[in-house]
$ cat upload12.txt   # compact mmCIF, C-alpha atoms
# COMPACT_ATOMS: atom_id res chain seq x y z
CA MET A 1 0.00 0.00 0.00
CA ALA A 2 2.85 2.39 0.85
CA MET A 3 4.42 1.81 -2.57
CA VAL A 4 1.10 2.61 -4.27
CA GLN A 5 0.73 5.79 -2.23
CA SER A 6 4.32 6.79 -2.98
CA GLY A 7 3.87 6.43 -6.74
CA TRP A 8 0.60 8.32 -6.68
CA MET A 9 1.84 11.19 -4.53
CA GLN A 10 4.85 11.76 -6.75
CA GLN A 11 2.55 12.72 -9.61
CA GLN A 12 -0.61 14.00 -7.89
CA SER A 13 -1.17 17.74 -7.72
CA LEU A 14 -4.07 19.91 -6.66
CA PRO A 15 -6.76 20.80 -9.22
CA ASN A 16 -6.74 24.18 -10.94
CA LEU A 17 -8.66 26.91 -9.16
CA GLY A 18 -10.95 29.62 -10.45
CA SER A 19 -10.12 33.19 -9.45
CA GLY A 20 -12.76 33.27 -6.70
CA GLU A 21 -11.71 29.92 -5.23
CA ARG A 22 -8.03 30.87 -5.34
CA GLN A 23 -8.75 34.10 -3.49
CA GLN A 24 -10.57 32.24 -0.71
CA VAL A 25 -7.74 29.72 -0.39
CA GLN A 26 -5.06 32.42 -0.29
CA GLN A 27 -7.04 34.25 2.39
CA GLY A 28 -6.76 31.13 4.52
CA ILE A 29 -10.46 30.25 4.67
CA PRO A 30 -10.52 26.71 6.18
CA SER A 31 -13.55 25.45 4.23
CA ALA A 32 -12.00 26.49 0.90
CA ILE A 33 -8.67 24.86 1.75
CA ALA A 34 -10.40 21.67 2.94
CA LYS A 35 -12.40 21.47 -0.29
CA LEU A 36 -9.24 21.81 -2.36
CA LEU A 37 -7.27 19.23 -0.36
CA ASN A 38 -10.19 16.79 -0.44
CA GLN A 39 -10.23 16.99 -4.23
CA GLY A 40 -6.52 16.22 -4.32
CA LEU A 41 -6.63 13.33 -1.83
CA GLN A 42 -9.93 11.76 -2.91
CA PRO A 43 -8.24 9.19 -5.23
CA MET A 44 -6.49 7.75 -2.15
CA GLU A 45 -9.77 7.67 -0.20
CA MET A 46 -8.56 10.21 2.33
CA THR A 47 -10.75 12.96 3.75
CA VAL A 48 -9.65 16.32 5.11
CA LYS A 49 -11.02 18.67 7.75
CA CYS A 50 -9.49 22.10 8.37
CA GLY A 51 -9.66 24.62 11.18
CA ARG A 52 -7.83 27.84 11.85
CA LYS A 53 -6.59 29.80 14.85
CA ASP A 54 -4.85 33.10 14.10
CA ASP A 55 -1.95 32.35 11.72
CA ARG A 56 -2.07 28.57 12.23
CA LEU A 57 -4.05 26.13 10.11
CA GLY A 58 -5.01 22.70 11.43
CA VAL A 59 -5.45 19.92 8.87
CA VAL A 60 -6.85 16.53 9.95
CA VAL A 61 -6.49 13.74 7.38
CA GLU A 62 -8.46 10.53 7.89
CA ALA A 63 -8.41 7.20 6.10
CA VAL A 64 -9.37 3.57 6.71
CA THR A 65 -5.77 2.99 7.74
CA VAL A 66 -3.55 5.67 9.27
CA PRO A 67 -2.11 7.82 6.44
CA ASP A 68 1.63 7.45 5.91
CA GLN A 69 3.21 10.36 7.78
CA SER A 70 6.30 10.76 5.61
CA LEU A 71 4.49 10.60 2.27
CA LEU A 72 1.56 12.78 3.28
CA SER A 73 3.71 15.41 5.00
CA THR A 74 5.95 15.67 1.94
CA TRP A 75 2.91 16.03 -0.31
CA MET A 76 1.39 18.67 1.96
CA ARG A 77 4.63 20.68 1.97
CA GLN A 78 4.75 20.62 -1.81
CA GLN A 79 1.14 21.75 -2.19
CA PHE A 80 1.19 24.49 0.44
CA SER A 81 4.43 25.90 -0.98
CA GLN A 82 2.47 26.64 -4.17
CA LEU A 83 -0.69 28.09 -2.61
CA HIS A 84 0.90 31.31 -1.28
CA LEU A 85 -1.39 31.68 1.73
CA GLU A 86 -1.38 35.30 2.84
CA GLU A 87 -2.10 35.00 6.56
CA ILE A 88 -1.02 31.45 7.43
CA CYS A 89 2.48 30.84 8.80
CA LYS A 90 2.28 27.27 10.05
CA VAL A 91 0.20 24.23 9.14
CA GLU A 92 -0.39 21.47 11.70
CA VAL A 93 -1.13 18.20 9.88
CA TYR A 94 -2.71 15.34 11.84
CA GLY A 95 -3.11 11.81 10.55
CA ARG A 96 -5.62 9.44 12.06
CA GLN A 97 -7.71 6.38 11.33
CA ILE A 98 -11.42 6.83 10.65
CA GLY A 99 -13.38 6.35 13.87
CA GLN A 100 -10.54 7.42 16.14
CA THR A 101 -10.60 10.67 18.10
CA ARG A 102 -6.86 10.98 18.71
CA PRO A 103 -4.41 11.46 15.85
CA ALA A 104 -1.77 8.79 15.28
CA TRP A 105 0.79 11.44 14.34
CA ARG A 106 1.29 15.17 13.98
CA GLU A 107 3.56 17.18 11.67
CA THR A 108 4.22 20.94 11.72
CA ILE A 109 4.88 22.61 8.38
CA ASP A 110 6.34 26.11 8.26
CA ILE A 111 5.02 27.23 4.89
CA ASN A 112 7.03 30.44 4.89
CA GLN A 113 10.28 28.49 5.02
CA ILE A 114 12.08 26.52 2.35
CA ARG A 115 14.68 23.89 3.23
CA VAL A 116 17.51 23.48 0.77
CA LEU A 117 20.69 21.48 0.30
CA ARG A 118 23.72 23.66 -0.40
CA PHE A 119 26.51 22.19 -2.50
CA GLN A 120 29.46 23.23 -4.61
CA LEU A 121 30.22 22.71 -8.30
CA GLY A 122 33.85 23.02 -9.31
CA SER A 123 35.93 25.25 -7.06
CA THR A 124 33.87 28.44 -7.10
CA VAL A 125 30.17 27.90 -7.86
CA THR A 126 27.68 27.28 -5.05
CA ALA A 127 24.10 26.18 -5.73
CA LEU A 128 21.00 24.83 -3.96
CA PHE A 129 18.51 22.02 -4.44
CA HIS A 130 15.08 22.08 -2.83
CA LEU A 131 15.26 19.44 -0.10
CA GLU A 132 11.90 18.01 -1.18
CA CYS A 133 13.48 16.56 -4.32
CA VAL A 134 16.60 15.21 -2.58
CA ARG A 135 16.21 11.53 -1.76
CA GLU A 136 19.64 10.93 -0.23
CA VAL A 137 23.30 11.87 -0.39
CA LEU A 138 25.87 9.17 -1.17
CA SER A 139 29.62 8.88 -1.00
CA ILE A 140 30.81 6.26 -3.47
CA SER A 141 34.08 5.04 -4.90
CA ALA A 142 34.94 5.90 -8.49
CA LYS A 143 35.74 2.21 -8.99
CA GLU A 144 32.08 1.34 -8.36
CA ILE A 145 30.85 3.22 -11.43
CA LEU A 146 30.26 1.24 -14.61
CA SER A 147 31.00 3.43 -17.63
CA ILE A 148 28.60 3.21 -20.57
CA PRO A 149 29.99 3.85 -24.08
CA GLN A 150 28.62 6.46 -26.49
CA MET A 151 27.14 8.64 -23.77
CA PRO A 152 27.48 12.43 -23.34
CA ARG A 153 30.60 13.42 -21.40
CA CYS A 154 28.56 14.46 -18.39
CA VAL A 155 27.07 10.96 -18.07
CA LEU A 156 29.56 9.11 -15.90
CA GLY A 157 27.83 5.73 -16.04
CA VAL A 158 25.68 3.65 -13.74
CA TYR A 159 25.90 2.59 -10.11
CA TYR A 160 24.12 -0.37 -8.52
CA HIS A 161 22.25 0.99 -5.50
CA ARG A 162 19.57 -0.62 -3.32
CA GLY A 163 18.92 -3.29 -5.91
CA ARG A 164 18.41 -0.81 -8.75
CA ILE A 165 20.49 0.87 -11.43
CA LEU A 166 21.20 4.54 -10.70
CA TRP A 167 22.47 6.72 -13.53
CA LEU A 168 25.20 9.16 -12.47
CA VAL A 169 25.66 12.58 -14.04
CA ASP A 170 28.46 15.10 -13.48
CA LEU A 171 26.32 18.16 -12.72
CA GLY A 172 29.14 20.67 -13.13
CA LEU A 173 29.98 19.28 -16.55
CA GLN A 174 26.31 19.15 -17.57
CA LEU A 175 25.81 22.83 -16.71
CA GLY A 176 29.06 23.91 -18.35
CA ILE A 177 30.67 25.00 -15.08
CA THR A 178 33.61 22.59 -15.28
CA GLN A 179 35.59 21.46 -18.31
CA SER A 180 36.74 18.10 -17.01
CA SER A 181 34.77 15.29 -15.42
CA VAL A 182 34.68 14.84 -11.65
CA LEU A 183 35.39 11.18 -12.35
CA ASP A 184 38.53 11.99 -14.36
CA ARG A 185 39.79 14.37 -11.68
CA SER A 186 39.06 11.84 -8.97
CA ARG A 187 40.90 9.07 -10.79
CA ALA A 188 43.87 11.36 -11.37
CA MET A 189 44.00 12.21 -7.67
CA GLY A 190 43.75 8.54 -6.81
CA GLN A 191 46.79 7.48 -8.81
CA SER A 192 49.32 5.95 -6.47
CA ASP A 193 52.31 3.64 -6.49
CA VAL A 194 50.60 1.65 -3.75
CA PRO A 195 48.33 -0.99 -5.37
CA SER A 196 46.00 -1.09 -2.38
CA SER A 197 45.45 2.68 -2.33
CA PRO A 198 41.71 3.36 -1.94
CA SER A 199 39.81 5.07 -4.73
CA PRO A 200 38.76 8.66 -3.91
CA SER A 201 35.11 9.13 -2.93
CA LEU A 202 32.57 10.97 -5.07
CA ASN A 203 29.72 13.02 -3.61
CA VAL A 204 26.36 12.09 -5.13
CA ILE A 205 23.05 13.89 -4.60
CA VAL A 206 20.19 11.56 -5.53
CA ILE A 207 17.39 13.66 -7.02
CA GLU A 208 13.84 12.49 -7.75
CA ALA A 209 11.55 14.61 -9.91
CA ASP A 210 8.79 13.87 -12.37
CA GLN A 211 8.99 10.13 -11.54
CA GLN A 212 12.67 9.93 -12.48
CA THR A 213 15.66 9.39 -10.22
CA ILE A 214 19.22 10.42 -11.10
CA GLY A 215 22.39 10.72 -9.06
CA PHE A 216 24.17 14.04 -9.63
CA VAL A 217 27.87 14.08 -8.77
CA VAL A 218 29.05 17.37 -7.23
CA SER A 219 32.35 18.62 -5.86
CA THR A 220 31.21 19.12 -2.26
CA VAL A 221 27.99 18.74 -0.29
CA LEU A 222 27.93 21.57 2.25
CA ASP A 223 24.84 21.77 4.45
CA ILE A 224 21.05 21.76 4.85
CA GLU A 225 19.69 25.28 5.34
CA SER A 226 16.33 27.00 5.82
CA TYR A 227 15.27 30.31 4.32
CA SER A 228 12.15 32.41 4.11
CA TRP A 229 10.58 32.37 0.66
CA GLN A 230 10.85 36.16 0.71
CA LYS A 231 14.65 35.80 0.46
CA PHE A 232 14.30 34.35 -3.05
CA GLN A 233 13.82 36.25 -6.29
CA ALA A 234 12.39 35.09 -9.61
CA ALA A 235 14.84 33.41 -11.97
CA ALA A 236 14.11 35.97 -14.70
CA THR A 237 16.16 38.56 -12.78
CA PHE A 238 19.12 36.24 -12.12
CA LEU A 239 22.20 38.12 -13.34
CA SER A 240 24.99 35.61 -12.79
CA SER A 241 26.32 33.80 -15.85
CA SER A 242 27.69 30.87 -13.83
CA ILE A 243 24.62 28.66 -14.46
CA PRO A 244 22.36 28.74 -17.55
CA LEU A 245 19.09 30.50 -16.75
CA PRO A 246 16.78 27.63 -17.91
CA PHE A 247 18.10 25.52 -15.01
CA VAL A 248 17.51 28.19 -12.34
CA GLN A 249 14.21 28.09 -10.43
CA SER A 250 14.97 31.16 -8.29
CA TYR A 251 17.90 32.61 -6.37
CA LEU A 252 18.86 34.12 -3.03
CA GLN A 253 18.76 37.87 -3.48
CA ASP A 254 21.59 38.70 -1.09
CA SER A 255 24.15 36.15 -2.29
CA GLN A 256 22.98 35.41 -5.85
CA ILE A 257 23.14 31.69 -5.04
CA PRO A 258 20.76 29.88 -7.42
CA LEU A 259 18.09 27.37 -6.46
CA LEU A 260 18.24 24.84 -9.28
CA SER A 261 15.18 23.38 -10.96
CA ALA A 262 15.40 19.60 -10.56
CA ILE A 263 12.79 19.03 -13.26
CA ALA A 264 14.59 21.23 -15.80
CA ILE A 265 17.91 19.52 -15.11
CA ILE A 266 16.46 16.02 -15.36
CA HIS A 267 14.70 16.92 -18.62
CA ASP A 268 17.82 18.46 -20.15
CA ARG A 269 17.90 17.30 -23.77
CA HIS A 270 21.49 16.10 -23.33
CA LEU A 271 20.24 13.45 -20.91
CA HIS A 272 17.35 12.09 -22.97
CA LEU A 273 19.64 9.54 -24.58
CA TYR A 274 19.68 7.31 -21.56
CA GLN A 275 16.50 7.96 -19.60
CA VAL A 276 14.52 4.76 -19.24
$ encode --input "upload12.txt" --output "structure tokens"
Amino acid sequence: MAMVQSGWMQQQSLPNLGSGERQQVQQGIPSAIAKLLNQGLQPMEMTVKCGRKDDRLGVVVEAVTVPDQSLLSTWMRQQFSQLHLEEICKVEVYGRQIGQTRPAWRETIDINQIRVLRFQLGSTVTALFHLECVREVLSISAKEILSIPQMPRCVLGVYYHRGRILWLVDLGLQLGITQSSVLDRSRAMGQSDVPSSPSPSLNVIVIEADQQTIGFVVSTVLDIESYSWQKFQAAATFLSSSIPLPFVQSYLQDSQIPLLSAIAIIHDRHLHLYQV
């Protein structure tokens, strides 16, 4: 059941709103928000009730079995980040089984905050990924990568992970930030007269977007950070030439650090050769 829910929630989004409905939702009217969420969750036979106190919105989600906390909370974060509620700062999500009075779990969502993973490409460029699309961060040996012939230079090969094949892409090379492959540089650094010398580790950010999963190799993974959405500006005004604009979702106004679009990067035409 969890696998079914996971696959559905990766592709399910809220229905389009008319201007009047959108205004009610953005004003934080509980009945309007509940109606919208019920339409989105109806295929999974979940029902939603909403209540509000000041700048907090309470959302109770019921189902025959207790809704999966991780999947539902992630889905709620994604949806509320797009609704732009004007007077709501926090959303309290409760999951419970139909017929029960006490919730089985509770999750607090700060909808004015975005959590990101900061990382480095090459020696000078810093960028961000929205944490919602980051599945995990790996450290792997270059020797564990199986190269595939006749692939673009940025495609390093495949890596066997958790019983599945994971394609690995050099993100710096894909975006034109670096001229040589992370894999080539790593192998050069790992050359040694000692036969047993370990292979240098590569930093891999596993990204999932639009039902596709790819491992992007970066120079350094730095930290998880939280920012207010107000700190970000639209990509159209991004002035730096370090990263091509089509791959930028938005950017931090103060530092010009870009928030990359996982969907745009995964759908880059240079990668279509191997997506399966």
$ residues_around --input "upload12.txt" --residues "A:Leu83" --least-positions-apart "6" --cutoff "10 Å" --atoms "only C-alpha atoms" --output "VMD selection string"
chain A and resid 14 22 25 to 26 28 33 111
$ closest_residue --input "upload12.txt" --among "A:Met46, A:Val206, A:Val66, A:Val125" --to "A:Ser240" --atoms "only C-alpha atoms"
A:Val125
$ residues_around --input "upload12.txt" --residues "A:Ala236" --least-positions-apart "4" --cutoff "10 Å" --atoms "only C-alpha atoms" --output "PDB file with C-alpha atoms, keeping the file's coordinate frame"
ATOM      1  CA  LEU A 245      19.090  30.500 -16.750  1.00  0.00           C
ATOM      2  CA  PRO A 246      16.780  27.630 -17.910  1.00  0.00           C
ATOM      3  CA  VAL A 248      17.510  28.190 -12.340  1.00  0.00           C
ATOM      4  CA  GLN A 249      14.210  28.090 -10.430  1.00  0.00           C
ATOM      5  CA  SER A 250      14.970  31.160  -8.290  1.00  0.00           C
ATOM      6  CA  TYR A 251      17.900  32.610  -6.370  1.00  0.00           C
TER       7      TYR A 251
END
$ residues_around --input "upload12.txt" --residues "A:Gly95" --least-positions-apart "6" --cutoff "7 Å" --atoms "only C-alpha atoms" --output "count of residues only"
9
$ residues_around --input "upload12.txt" --residues "stretch 168-179 of chain A" --least-positions-apart "2" --cutoff "9 Å" --atoms "all atoms listed in the file" --output "PDB file with C-alpha atoms, in the coordinates of the input"
ATOM      1  CA  GLN A 120      29.460  23.230  -4.610  1.00  0.00           C
ATOM      2  CA  LEU A 121      30.220  22.710  -8.300  1.00  0.00           C
ATOM      3  CA  GLY A 122      33.850  23.020  -9.310  1.00  0.00           C
ATOM      4  CA  SER A 123      35.930  25.250  -7.060  1.00  0.00           C
ATOM      5  CA  VAL A 125      30.170  27.900  -7.860  1.00  0.00           C
ATOM      6  CA  ILE A 145      30.850   3.220 -11.430  1.00  0.00           C
ATOM      7  CA  PRO A 152      27.480  12.430 -23.340  1.00  0.00           C
ATOM      8  CA  ARG A 153      30.600  13.420 -21.400  1.00  0.00           C
ATOM      9  CA  CYS A 154      28.560  14.460 -18.390  1.00  0.00           C
ATOM     10  CA  VAL A 155      27.070  10.960 -18.070  1.00  0.00           C
ATOM     11  CA  LEU A 156      29.560   9.110 -15.900  1.00  0.00           C
ATOM     12  CA  GLY A 157      27.830   5.730 -16.040  1.00  0.00           C
ATOM     13  CA  VAL A 158      25.680   3.650 -13.740  1.00  0.00           C
ATOM     14  CA  TYR A 159      25.900   2.590 -10.110  1.00  0.00           C
ATOM     15  CA  LEU A 166      21.200   4.540 -10.700  1.00  0.00           C
ATOM     16  CA  SER A 181      34.770  15.290 -15.420  1.00  0.00           C
ATOM     17  CA  VAL A 182      34.680  14.840 -11.650  1.00  0.00           C
ATOM     18  CA  LEU A 183      35.390  11.180 -12.350  1.00  0.00           C
ATOM     19  CA  VAL A 204      26.360  12.090  -5.130  1.00  0.00           C
ATOM     20  CA  VAL A 206      20.190  11.560  -5.530  1.00  0.00           C
ATOM     21  CA  ILE A 214      19.220  10.420 -11.100  1.00  0.00           C
ATOM     22  CA  GLY A 215      22.390  10.720  -9.060  1.00  0.00           C
ATOM     23  CA  PHE A 216      24.170  14.040  -9.630  1.00  0.00           C
ATOM     24  CA  VAL A 217      27.870  14.080  -8.770  1.00  0.00           C
ATOM     25  CA  VAL A 218      29.050  17.370  -7.230  1.00  0.00           C
ATOM     26  CA  SER A 219      32.350  18.620  -5.860  1.00  0.00           C
ATOM     27  CA  SER A 242      27.690  30.870 -13.830  1.00  0.00           C
ATOM     28  CA  ILE A 243      24.620  28.660 -14.460  1.00  0.00           C
ATOM     29  CA  PRO A 244      22.360  28.740 -17.550  1.00  0.00           C
ATOM     30  CA  PHE A 247      18.100  25.520 -15.010  1.00  0.00           C
ATOM     31  CA  ILE A 265      17.910  19.520 -15.110  1.00  0.00           C
ATOM     32  CA  ASP A 268      17.820  18.460 -20.150  1.00  0.00           C
ATOM     33  CA  HIS A 270      21.490  16.100 -23.330  1.00  0.00           C
ATOM     34  CA  LEU A 271      20.240  13.450 -20.910  1.00  0.00           C
TER      35      LEU A 271
END
$ closest_atom_pairs --input "upload12.txt" --of "stretch 15-104 of chain A" --to "stretch 226-229 of chain A" --cutoff "12 Å" --atoms "only C-alpha atoms" --output "Markdown table"
| residue | atom | partner | partner_atom | distance |
| --- | --- | --- | --- | --- |
| A:Ser81 | CA | A:Trp229 | CA | 9.1 |
| A:Gln82 | CA | A:Trp229 | CA | 11.0 |
| A:His84 | CA | A:Trp229 | CA | 9.9 |
| A:Cys89 | CA | A:Ser228 | CA | 10.9 |
$ residues_around --input "upload12.txt" --residues "A:Ile88" --least-positions-apart "3" --cutoff "10 Å" --atoms "all atoms listed in the file" --output "JSON, numbers by chain"
{"A": [26, 27, 28, 29, 52, 53, 54, 55, 56, 57, 84, 85, 91, 110, 111, 112]}
$ atom_distance --input "upload12.txt" --atom1 "atom CA of A:His130" --atom2 "atom CA of A:Val116"
4.6 Å
$ atom_distance --input "upload12.txt" --atom1 "atom CA of A:Lys143" --atom2 "atom CA of A:Leu128"
27.5 Å
$ closest_residue --input "upload12.txt" --among "A:Ser31, A:Ser255, A:Thr65, A:Ser19" --to "A:Gln97" --atoms "all atoms listed in the file"
A:Thr65
